[in-house]
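K.L.:
Hey, dropping my_file.txt in here, compact mmCIF, C-alpha atoms and all ligand atoms:
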# COMPACT_ATOMS: atom_id res chain seq x y z
CA MET A 1 40.23 23.59 19.79
CA THR A 2 37.54 25.29 17.81
CA GLU A 3 37.40 28.82 16.51
CA VAL A 4 34.59 30.93 17.83
CA GLY A 5 34.70 34.60 16.95
CA GLY A 6 38.46 34.55 16.43
CA GLU A 7 39.26 33.13 19.87
CA THR A 8 39.58 29.52 20.81
CA VAL A 9 37.34 27.44 22.95
CA ASP A 10 39.11 24.46 24.53
CA LYS A 11 38.17 21.18 26.15
CA ARG A 12 37.64 22.71 29.57
CA ASP A 13 35.33 25.39 28.17
CA ILE A 14 33.39 22.62 26.45
CA ALA A 15 33.11 20.78 29.78
CA ILE A 16 31.50 23.91 31.22
CA LEU A 17 29.10 24.20 28.31
CA ARG A 18 28.14 20.53 28.61
CA ALA A 19 27.46 20.94 32.33
CA MET A 20 25.38 24.04 31.55
CA GLU A 21 23.47 22.17 28.89
CA GLY A 22 22.66 19.41 31.36
CA LEU A 23 21.41 21.95 33.90
CA SER A 24 19.71 24.35 31.53
CA ARG A 25 16.45 22.47 31.44
CA ALA A 26 16.15 22.96 35.19
CA PHE A 27 17.62 26.47 35.36
CA GLU A 28 17.20 29.29 32.90
CA TRP A 29 20.21 30.86 34.62
CA VAL A 30 22.57 28.21 35.94
CA PRO A 31 24.04 29.26 39.33
CA GLU A 32 27.81 28.99 39.39
CA ASP A 33 27.88 26.76 42.48
CA LYS A 34 25.84 24.14 40.57
CA LEU A 35 28.55 24.20 37.91
CA LEU A 36 31.34 23.96 40.45
CA GLU A 37 29.74 20.82 41.91
CA ARG A 38 29.92 19.17 38.56
CA LEU A 39 33.26 20.32 37.21
CA PRO A 40 36.84 19.39 38.11
CA MET A 41 38.02 22.99 38.39
CA ASP A 42 38.32 25.60 41.10
CA TYR A 43 36.25 28.73 41.38
CA ALA A 44 38.87 31.07 39.93
CA GLU A 45 39.19 29.00 36.78
CA LEU A 46 35.44 28.63 36.37
CA ALA A 47 34.81 32.35 36.78
CA ALA A 48 37.58 33.24 34.32
CA ARG A 49 36.29 30.81 31.74
CA LEU A 50 32.69 31.99 32.16
CA GLU A 51 33.91 35.53 31.69
CA LYS A 52 35.72 34.51 28.50
CA LEU A 53 32.69 32.63 27.13
CA ASP A 54 30.58 35.69 27.84
CA ASN A 55 33.04 37.89 25.93
CA LEU A 56 32.88 35.45 23.01
CA GLY A 57 29.09 35.80 22.90
CA VAL A 58 28.62 32.11 23.73
CA ILE A 59 26.92 32.63 27.09
CA GLU A 60 25.67 35.41 29.33
CA TYR A 61 27.28 35.60 32.76
CA ARG A 62 26.07 37.97 35.43
CA TYR A 63 24.78 38.51 38.95
CA ILE A 64 21.22 37.31 39.39
CA ASP A 65 19.42 39.07 42.23
CA MET A 66 16.88 36.33 42.71
CA TYR A 67 19.56 33.69 43.34
CA GLN A 68 21.96 36.15 45.04
CA THR A 69 24.80 34.71 43.03
CA TYR A 70 26.46 34.88 39.67
CA ALA A 71 24.86 32.63 37.10
CA ALA A 72 25.29 31.80 33.43
CA LYS A 73 22.88 31.30 30.56
CA MET A 74 23.57 29.57 27.24
CA LYS A 75 23.06 31.52 24.03
CA GLU A 76 22.40 30.08 20.58
CA LYS A 77 26.13 30.13 19.94
CA ALA A 78 26.69 27.78 22.91
CA TYR A 79 24.61 25.07 21.23
CA ASP A 80 26.33 25.75 17.90
CA THR A 81 29.69 25.36 19.65
CA LEU A 82 28.71 22.04 21.28
CA ALA A 83 27.22 20.61 18.07
CA LEU A 84 30.28 21.60 16.02
CA TRP A 85 32.66 20.33 18.68
CA ASP A 86 30.95 16.94 18.78
CA MET A 87 30.87 16.68 14.99
CA LYS A 88 34.58 17.39 14.91
CA LYS A 89 35.16 14.78 17.61
CA HIS A 90 33.31 12.24 15.49
CA ASP A 91 35.38 13.13 12.41
CA VAL A 92 32.41 14.55 10.52
CA TYR A 93 34.75 17.37 9.53
CA GLU A 94 38.40 18.22 9.87
CA ARG A 95 38.40 21.96 9.22
CA LEU A 96 35.59 24.46 9.47
CA GLY A 97 35.32 27.03 6.69
CA THR A 98 33.05 30.03 6.56
CA VAL A 99 29.39 30.91 6.75
CA ILE A 100 27.98 30.48 3.25
CA GLY A 101 24.41 31.34 4.13
CA GLU A 102 22.88 33.16 7.05
CA GLY A 103 19.12 33.37 7.19
CA LYS A 104 16.44 33.46 9.84
CA GLU A 105 15.69 29.76 9.52
CA ALA A 106 19.21 28.38 9.31
CA THR A 107 22.92 29.19 9.19
CA ILE A 108 24.93 27.27 6.61
CA LEU A 109 28.66 26.65 7.01
CA ASN A 110 31.11 24.92 4.76
CA ALA A 111 33.77 22.56 6.02
CA LYS A 112 36.26 19.97 4.83
CA ASP A 113 36.00 16.35 5.89
CA PRO A 114 39.07 14.22 6.79
CA ASP A 115 39.28 13.08 3.11
CA ASP A 116 39.47 16.70 1.97
CA GLU A 117 35.94 16.69 0.58
CA PHE A 118 33.76 19.74 1.07
CA ILE A 119 30.65 19.39 3.16
CA VAL A 120 27.91 21.69 4.33
CA ILE A 121 26.75 21.99 7.95
CA LYS A 122 23.30 23.41 8.48
CA LEU A 123 22.47 24.88 11.90
CA HIS A 124 18.70 25.06 12.22
CA ARG A 125 17.09 28.05 13.95
CA TYR A 126 13.80 28.83 15.59
CA HIS A 127 12.02 31.53 13.61
CA ALA A 128 8.56 32.43 14.89
CA PRO A 129 6.83 33.12 11.53
CA GLU A 130 8.17 29.90 10.03
CA PHE A 131 7.18 27.99 13.17
CA ARG A 132 3.62 29.28 12.98
CA ARG A 133 3.46 28.23 9.34
CA ILE A 134 4.78 24.69 9.82
CA LYS A 135 4.04 23.80 13.44
CA LYS A 136 1.27 21.28 12.82
CA THR A 137 3.06 19.33 10.14
CA LEU A 138 6.42 19.63 11.94
CA ALA A 139 4.90 18.14 15.09
CA TYR A 140 3.58 15.22 13.05
CA ALA A 141 6.73 14.68 10.98
CA ALA A 142 8.99 14.87 14.05
CA VAL A 143 6.85 12.41 15.97
CA LYS A 144 6.92 10.02 13.05
CA VAL A 145 10.68 10.33 12.67
CA ARG A 146 11.31 9.89 16.40
CA GLY A 147 8.61 7.29 16.91
CA GLU A 148 7.37 9.01 20.06
CA GLU A 149 5.95 12.30 21.25
CA LEU A 150 8.50 15.03 21.82
CA GLN A 151 9.41 16.35 25.25
CA VAL A 152 9.41 20.08 24.62
CA GLU A 153 10.95 22.24 27.31
CA ASP A 154 12.19 25.18 25.33
CA HIS A 155 10.88 25.58 21.79
CA ARG A 156 13.90 27.71 20.87
CA LEU A 157 15.97 24.55 21.23
CA ASP A 158 13.45 21.88 20.50
CA VAL A 159 12.03 23.28 17.26
CA PRO A 160 15.49 23.50 15.59
CA ARG A 161 16.21 19.94 16.77
CA ALA A 162 12.92 18.68 15.40
CA LYS A 163 13.62 20.41 12.07
CA ALA A 164 17.10 18.85 11.95
CA GLN A 165 15.69 15.39 12.63
CA VAL A 166 13.07 15.68 9.93
CA GLU A 167 15.57 17.02 7.40
CA MET A 168 18.07 14.27 8.24
CA LYS A 169 15.42 11.57 7.89
CA VAL A 170 14.22 12.81 4.50
CA LEU A 171 17.80 13.11 3.21
CA GLN A 172 18.53 9.56 4.41
CA ILE A 173 15.46 8.07 2.76
CA PHE A 174 15.82 10.05 -0.45
CA SER A 175 19.53 9.52 -0.93
CA SER A 176 19.13 5.79 -0.29
CA LYS A 177 16.53 5.74 -3.06
CA GLY A 178 18.90 7.58 -5.39
CA PHE A 179 16.91 10.82 -5.53
CA PRO A 180 18.92 13.97 -6.28
CA VAL A 181 19.43 15.38 -2.77
CA PRO A 182 22.71 15.97 -0.91
CA ASP A 183 23.85 12.77 0.85
CA PRO A 184 23.49 13.27 4.60
CA ARG A 185 26.56 12.76 6.78
CA SER A 186 25.59 13.28 10.40
CA ILE A 187 23.22 14.94 12.84
CA ASN A 188 24.05 16.48 16.19
CA ARG A 189 21.52 18.49 18.21
CA HIS A 190 20.16 21.09 15.74
CA ALA A 191 22.95 20.59 13.17
CA VAL A 192 22.86 18.48 10.01
CA ALA A 193 25.98 17.75 7.96
CA MET A 194 25.63 16.79 4.32
CA ASP A 195 27.58 16.61 1.08
CA MET A 196 28.18 19.92 -0.60
CA ILE A 197 26.65 20.19 -4.06
CA GLU A 198 29.52 21.95 -5.78
CA GLY A 199 29.44 24.67 -8.40
CA ASN A 200 32.19 25.52 -10.86
CA ALA A 201 35.05 25.35 -8.35
CA PRO A 202 35.82 23.04 -5.43
CA GLY A 203 34.21 24.32 -2.24
CA ILE A 204 31.92 26.73 -4.06
CA PRO A 205 28.28 25.71 -3.68
CA ALA A 206 26.26 25.22 -6.85
CA PRO A 207 24.05 28.23 -7.61
CA LEU A 208 20.33 28.29 -6.96
CA LEU A 209 17.89 27.89 -9.82
CA ALA A 210 16.78 31.45 -8.93
CA LYS A 211 20.27 32.75 -9.79
CA VAL A 212 20.91 31.04 -13.12
CA LYS A 213 19.41 31.05 -16.55
CA VAL A 214 19.03 27.44 -17.60
CA LYS A 215 19.76 26.62 -21.24
CA ASN A 216 16.64 24.61 -21.86
CA PRO A 217 13.89 25.75 -19.49
CA GLU A 218 11.24 23.39 -20.94
CA ASP A 219 13.45 20.39 -20.18
CA ALA A 220 14.42 21.69 -16.75
CA LEU A 221 10.79 22.20 -15.76
CA GLU A 222 9.86 18.76 -16.99
CA THR A 223 12.74 17.18 -15.06
CA ILE A 224 11.76 18.99 -11.88
CA LEU A 225 8.12 17.95 -12.16
CA GLU A 226 9.07 14.33 -12.87
CA ASP A 227 11.57 14.26 -9.98
CA TYR A 228 9.01 15.86 -7.72
CA LYS A 229 6.26 13.38 -8.53
CA GLU A 230 8.66 10.50 -7.96
CA MET A 231 9.83 11.92 -4.64
CA VAL A 232 6.22 12.22 -3.45
CA LEU A 233 4.98 8.85 -4.66
CA GLU A 234 8.10 6.80 -3.93
CA GLY A 235 9.84 8.84 -1.25
CA HIS A 236 6.56 9.48 0.59
CA TYR A 237 7.39 13.03 1.63
CA VAL A 238 6.10 16.33 0.23
CA HIS A 239 8.74 19.09 0.23
CA GLY A 240 6.39 21.84 1.37
CA ASP A 241 8.66 24.75 0.41
CA LEU A 242 9.69 23.94 -3.13
CA SER A 243 10.78 26.92 -5.18
CA GLU A 244 13.63 28.24 -7.28
CA HIS A 245 15.32 29.07 -3.95
CA ASN A 246 15.63 25.43 -2.90
CA ILE A 247 16.92 23.84 -6.10
CA LEU A 248 20.63 23.86 -6.92
CA VAL A 249 21.94 23.65 -10.48
CA THR A 250 25.35 22.06 -11.05
CA PRO A 251 27.65 23.20 -13.90
CA ASP A 252 26.58 20.19 -15.99
CA GLY A 253 22.92 21.02 -15.51
CA GLU A 254 22.01 18.49 -12.82
CA LEU A 255 19.34 19.58 -10.37
CA TYR A 256 19.48 18.96 -6.61
CA TYR A 257 16.70 19.54 -4.11
CA VAL A 258 17.63 21.02 -0.72
CA ASP A 259 15.99 22.40 2.43
CA TRP A 260 13.74 19.65 3.82
CA PRO A 261 12.97 20.54 7.47
CA GLN A 262 9.33 21.37 6.74
CA ALA A 263 8.76 18.21 4.67
CA VAL A 264 5.48 16.46 5.32
CA PRO A 265 4.81 12.70 5.20
CA VAL A 266 2.30 11.91 2.44
CA GLU A 267 -0.29 10.54 4.85
CA HIS A 268 -0.71 13.87 6.64
CA PRO A 269 -3.98 15.63 5.70
CA SER A 270 -2.04 18.74 4.60
CA ALA A 271 0.03 16.78 2.07
CA PRO A 272 -2.26 17.28 -0.98
CA LYS A 273 -2.52 21.05 -0.47
CA LEU A 274 1.25 21.43 0.02
CA CYS A 275 1.97 19.18 -2.93
CA TYR A 276 -0.21 21.30 -5.19
CA ARG A 277 1.43 24.48 -3.92
CA ASP A 278 4.94 23.12 -4.59
CA ILE A 279 3.97 22.22 -8.15
CA LYS A 280 2.37 25.61 -8.70
CA ASN A 281 5.37 27.53 -7.33
CA ILE A 282 7.78 25.83 -9.66
CA ILE A 283 5.58 26.16 -12.74
CA GLU A 284 5.01 29.85 -12.03
CA HIS A 285 8.72 30.46 -11.68
CA PHE A 286 9.37 29.07 -15.17
CA LYS A 287 6.46 30.98 -16.64
CA ARG A 288 7.58 34.27 -15.09
CA LYS A 289 11.28 33.98 -15.79
CA TYR A 290 11.40 32.29 -19.19
CA ARG A 291 7.99 33.17 -20.64
CA ILE A 292 7.58 29.65 -21.97
CA ASN A 293 4.41 27.65 -22.34
CA VAL A 294 3.88 25.81 -19.11
CA PRO A 295 1.44 23.10 -18.09
CA ASP A 296 -1.54 23.90 -15.90
CA PRO A 297 -0.52 23.17 -12.26
CA LYS A 298 -3.90 21.55 -11.65
CA GLU A 299 -3.34 19.12 -14.48
CA VAL A 300 0.13 18.25 -13.27
CA TYR A 301 -1.18 17.74 -9.76
CA ASN A 302 -4.03 15.59 -11.11
CA GLU A 303 -1.48 13.25 -12.65
CA ILE A 304 -0.55 12.13 -9.14
CA ALA A 305 -3.67 13.01 -7.18
CA ASP A 306 -5.19 9.52 -7.37
CA ASP A 307 -1.96 7.77 -6.42
CA LEU A 308 -1.48 10.22 -3.58
CA GLN A 309 -5.00 9.49 -2.33
CA SER A 310 -4.38 5.73 -2.47
CA LEU A 311 -1.12 6.19 -0.56
CA MET A 312 -2.97 8.18 2.08
CA GLU A 313 -5.55 5.39 2.35
CA GLU A 314 -2.82 2.78 2.67
CA LYS A 315 -1.06 4.75 5.36
CA LYS A 316 -4.17 5.72 7.25
CA GLU A 317 -3.34 3.46 10.16
CA GLU A 318 0.12 4.90 10.38
CA TYR A 319 -1.37 8.39 10.51
CA GLU A 320 -3.80 7.38 13.25
CA GLU A 321 -0.95 5.81 15.17
CA HIS A 322 1.05 9.06 15.36
CA LYS A 323 -1.79 11.55 15.39
CA GLU A 324 -2.32 11.74 19.13
CA ALA A 325 1.39 12.05 19.95
CA ALA A 326 1.65 14.77 17.29
CA GLU A 327 -1.20 16.71 18.87
CA LYS A 328 0.45 16.49 22.28
CA THR A 329 3.76 17.58 20.80
CA LEU A 330 2.09 20.57 19.18
CA GLU A 331 0.51 21.49 22.52
CA ARG A 332 3.92 21.29 24.18
CA PHE A 333 5.48 23.51 21.51
CA GLU A 334 2.73 26.06 22.07
CA GLU A 335 2.92 25.91 25.86
CA SER A 336 6.62 26.59 25.59
CA VAL A 337 6.10 29.55 23.26
CA GLU A 338 3.64 31.01 25.70
CA ARG A 339 5.78 30.36 28.75
CA VAL A 340 9.11 31.47 27.33
CA GLU A 341 7.92 34.35 25.16
CA GLY A 342 5.22 35.46 27.55
CA LYS A 343 7.99 35.94 30.07
CA ARG A 344 10.00 37.96 27.63
CA GLU A 345 7.02 40.24 26.93
CA LYS A 346 6.62 40.82 30.65
CA ARG A 347 10.31 41.69 30.99
CA GLU A 348 10.11 44.09 28.07
CA ALA A 349 7.01 45.77 29.48
CA GLY A 350 8.86 46.15 32.80
CA ARG A 351 11.87 47.67 31.05
CA ARG A 352 9.67 50.10 29.12
CA LYS A 353 8.09 51.26 32.37
CA VAL A 354 11.49 51.94 33.90
CA GLU A 355 12.59 53.85 30.79
CA GLU A 356 9.38 55.91 30.72
CA SER A 357 9.83 56.92 34.33
CA GLY A 358 13.26 58.28 33.43
CA VAL A 359 15.27 55.82 35.52
CA SER A 360 18.09 54.20 33.61
N1 LIG B 1 24.17 20.65 0.35
C1 LIG B 1 24.37 21.89 -0.10
N2 LIG B 1 25.29 22.12 -1.05
C2 LIG B 1 25.51 23.37 -1.51
N3 LIG B 1 24.85 24.45 -1.08
C3 LIG B 1 23.91 24.28 -0.15
C4 LIG B 1 23.61 23.00 0.40
N4 LIG B 1 22.65 23.13 1.31
C5 LIG B 1 22.33 24.43 1.34
N5 LIG B 1 23.08 25.15 0.48
C6 LIG B 1 23.05 26.61 0.25
O1 LIG B 1 22.59 27.28 1.41
C7 LIG B 1 21.36 27.93 1.17
C8 LIG B 1 20.43 27.80 2.35
O2 LIG B 1 20.18 26.42 2.61
P1 LIG B 1 18.72 25.88 2.85
O3 LIG B 1 17.86 26.29 1.74
O4 LIG B 1 18.86 24.45 3.16
O5 LIG B 1 18.33 26.62 4.19
P2 LIG B 1 17.26 27.77 4.48
O6 LIG B 1 16.40 27.31 5.58
O7 LIG B 1 16.64 28.27 3.24
O8 LIG B 1 18.19 28.83 5.07
P3 LIG B 1 17.92 30.39 5.14
O9 LIG B 1 16.91 30.62 6.19
O10 LIG B 1 19.32 30.80 5.48
O11 LIG B 1 17.51 30.81 3.75
C9 LIG B 1 20.80 27.27 -0.08
O12 LIG B 1 19.97 28.15 -0.77
C10 LIG B 1 22.06 26.94 -0.84
O13 LIG B 1 22.49 28.08 -1.53
MG MG B 2 16.21 27.47 1.45
Let me see the structure of the file written as structure tokens.
P.N.:
Amino acid sequence: MTEVGGETVDKRDIAILRAMEGLSRAFEWVPEDKLLERLPMDYAELAARLEKLDNLGVIEYRYIDMYQTYAAKMKEKAYDTLALWDMKKHDVYERLGTVIGEGKEATILNAKDPDDEFIVIKLHRYHAPEFRRIKKTLAYAAVKVRGEELQVEDHRLDVPRAKAQVEMKVLQIFSSKGFPVPDPRSINRHAVAMDMIEGNAPGIPAPLLAKVKVKNPEDALETILEDYKEMVLEGHYVHGDLSEHNILVTPDGELYYVDWPQAVPVEHPSAPKLCYRDIKNIIEHFKRKYRINVPDPKEVYNEIADDLQSLMEEKKEEYEEHKEAAEKTLERFEESVERVEGKREKREAGRRKVEESGVS
């Protein structure tokens, strides 16, 4: 059983959610008779369980005029529940802890694995402003990671999954090369499990660079810039969102780099610009916070610019190979945004009209 909002979801609830997941690409609202066909339970049990899942905020369950029947729709929490259930089933974790970070782009949970080690599970989210910022490079990175164009039905599901796949891939490559990133454990749907970088007590995450005052800022900046250059030139990915908010500092002063869903393969045309911006962000942080002499970001970037250009040349064919599939994937993302969110706008306009006319 798994805890959701204080109540428990059991195997038979999960069977319902799995059936809904299978049908949800065909039906926005899944009619209950479609579920009954697929599930070994009678109507009374199904209805009671759907009611319970609705009360838990996992699904919505109500009468749909158009179908003239009750139907159910999965909410974000339904996918979280399935991903966490499957991770538990595969022994990725033994006990789930608490939410240690809740933002618009991801929810971070802590958990304990079967060996009593703390891990972190990151549930990726769709967030429109972030999507608009990263959509082109995400489409490319995801296509490269998957080796094929993405079938995008619903961007609210497919963008978080693409982000999880890219983050998982970067963590795998980087940790296998010995770069300071959390070791990845597992991926399921939009969820990525990884080692927890611990702070000064077991289970407490290491603080962000933004939250600490490092003892020797000159050394820390130099380490970050050296690590960064190595990650770009030998790891072949540009972070794309490097800042004091994505670097963890352990009690003995080690630095770890987190948050890789927007990472961009070096051969993508946006890589140089993003690389320069990452370098600039980090240098400016040290200048602002510690008032130390810092190198000119342009000069630091120039130290790798030629090697980056050569890498891009070398990987030109690879870029060409994925380019078309990435463009199609981007189109599919955008079609979905228009279809799904256009619909929502229409519904909201309809609701406003009803409210204005005084009918409630
Ligand atoms: N492996 C880890 N070990 C310890 N703490 C972590 C780990 N991964 C993430 N965190 C903590 O969770 C926070 C958010 O994680 P991350 O930066 O990966 O996601 P995000 O997309 O920035 O999420 P949000 O939108 O919530 O800010 C980090 O700033 C860090 O404090
Ligand atoms: Mg972050």
K.L.:
So which residues are near ligand LIG 1 (chain B), meaning at most 6 Å away with only C-alpha atoms and all ligand atoms counted, given back as a PyMOL selection string?
P.N.:
chain A and resi 101-108+120+182+194-197+205-206+208+245-246+258-259
K.L.:
Give me the residues within 12 Å of Glu299 (chain A) as a ChimeraX atom specification, counting all atoms listed in the file and dropping any in the same chain fewer than 6 places off.
P.N.:
/A:225,276,279-280,283,305
K.L.:
Here's a test: counting only C-alpha atoms, identify every protein, DNA and RNA residue with an atom at most 12 Å from (27.1, 34.7, 26.0) in the file's coordinate frame, and state them as a list in words.
P.N.:
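Every residue inside that radius is included here: Val4, Gly5, Leu17, Trp29, Arg49, Leu50, Glu51, Lys52, Leu53, Asp54, Asn55, Leu56, Gly57, Val58, Ile59, Glu60, Tyr61, Arg62, Ala71, Ala72, Lys73, Met74, Lys75, Glu76, Lys77, Ala78, Tyr79 and Thr81 of chain A.
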K.L.:
Any idea what the distance is between CA of Pro272 (chain A) and CA of Asp241 (chain A)?
P.N.:
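We find that CA of Pro272 (chain A) and CA of Asp241 (chain A) lie 13.3 Å from each other.
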K.L.:
In Å, with one decimal, what is the gap from CA of Glu117 (chain A) to CA of Glu94 (chain A)?
P.N.:
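Computing the Euclidean distance for CA of Glu117 (chain A) and CA of Glu94 (chain A) yields 9.7 Å.
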K.L.:
Give the answer as one residue: which of A:Asp80, A:Glu321, A:Asp116, A:Glu45 has the shortest atom-to-atom distance to Glu21 (chain A), using all atoms listed in the file?
P.N.:
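Closest to Glu21 (chain A), using all atoms listed in the file: A:Asp80.
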K.L.:
Let me make sure I understand: among A:Lys144, A:His124, A:Glu284, A:Ser176, which one has the smallest atom-to-atom distance to ligand MG 2 (chain B) if we use all atoms listed in the file?
P.N.:
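Under the stated criterion, the closest residue is A:His124.
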K.L.:
I'd like the neighbourhood of Cys275 (chain A) as a CSV table (one decimal) with C-alpha atoms, in the coordinates of the input, where a residue qualifies if any of its atoms comes within 8 Å (using all atoms listed in the file), though same-chain residues fewer than 5 positions away should be ignored.
P.N.:
chain,number,residue,atom,x,y,z
A,238,VAL,CA,6.1,16.3,0.2
A,239,HIS,CA,8.7,19.1,0.2
A,240,GLY,CA,6.4,21.8,1.4
A,301,TYR,CA,-1.2,17.7,-9.8
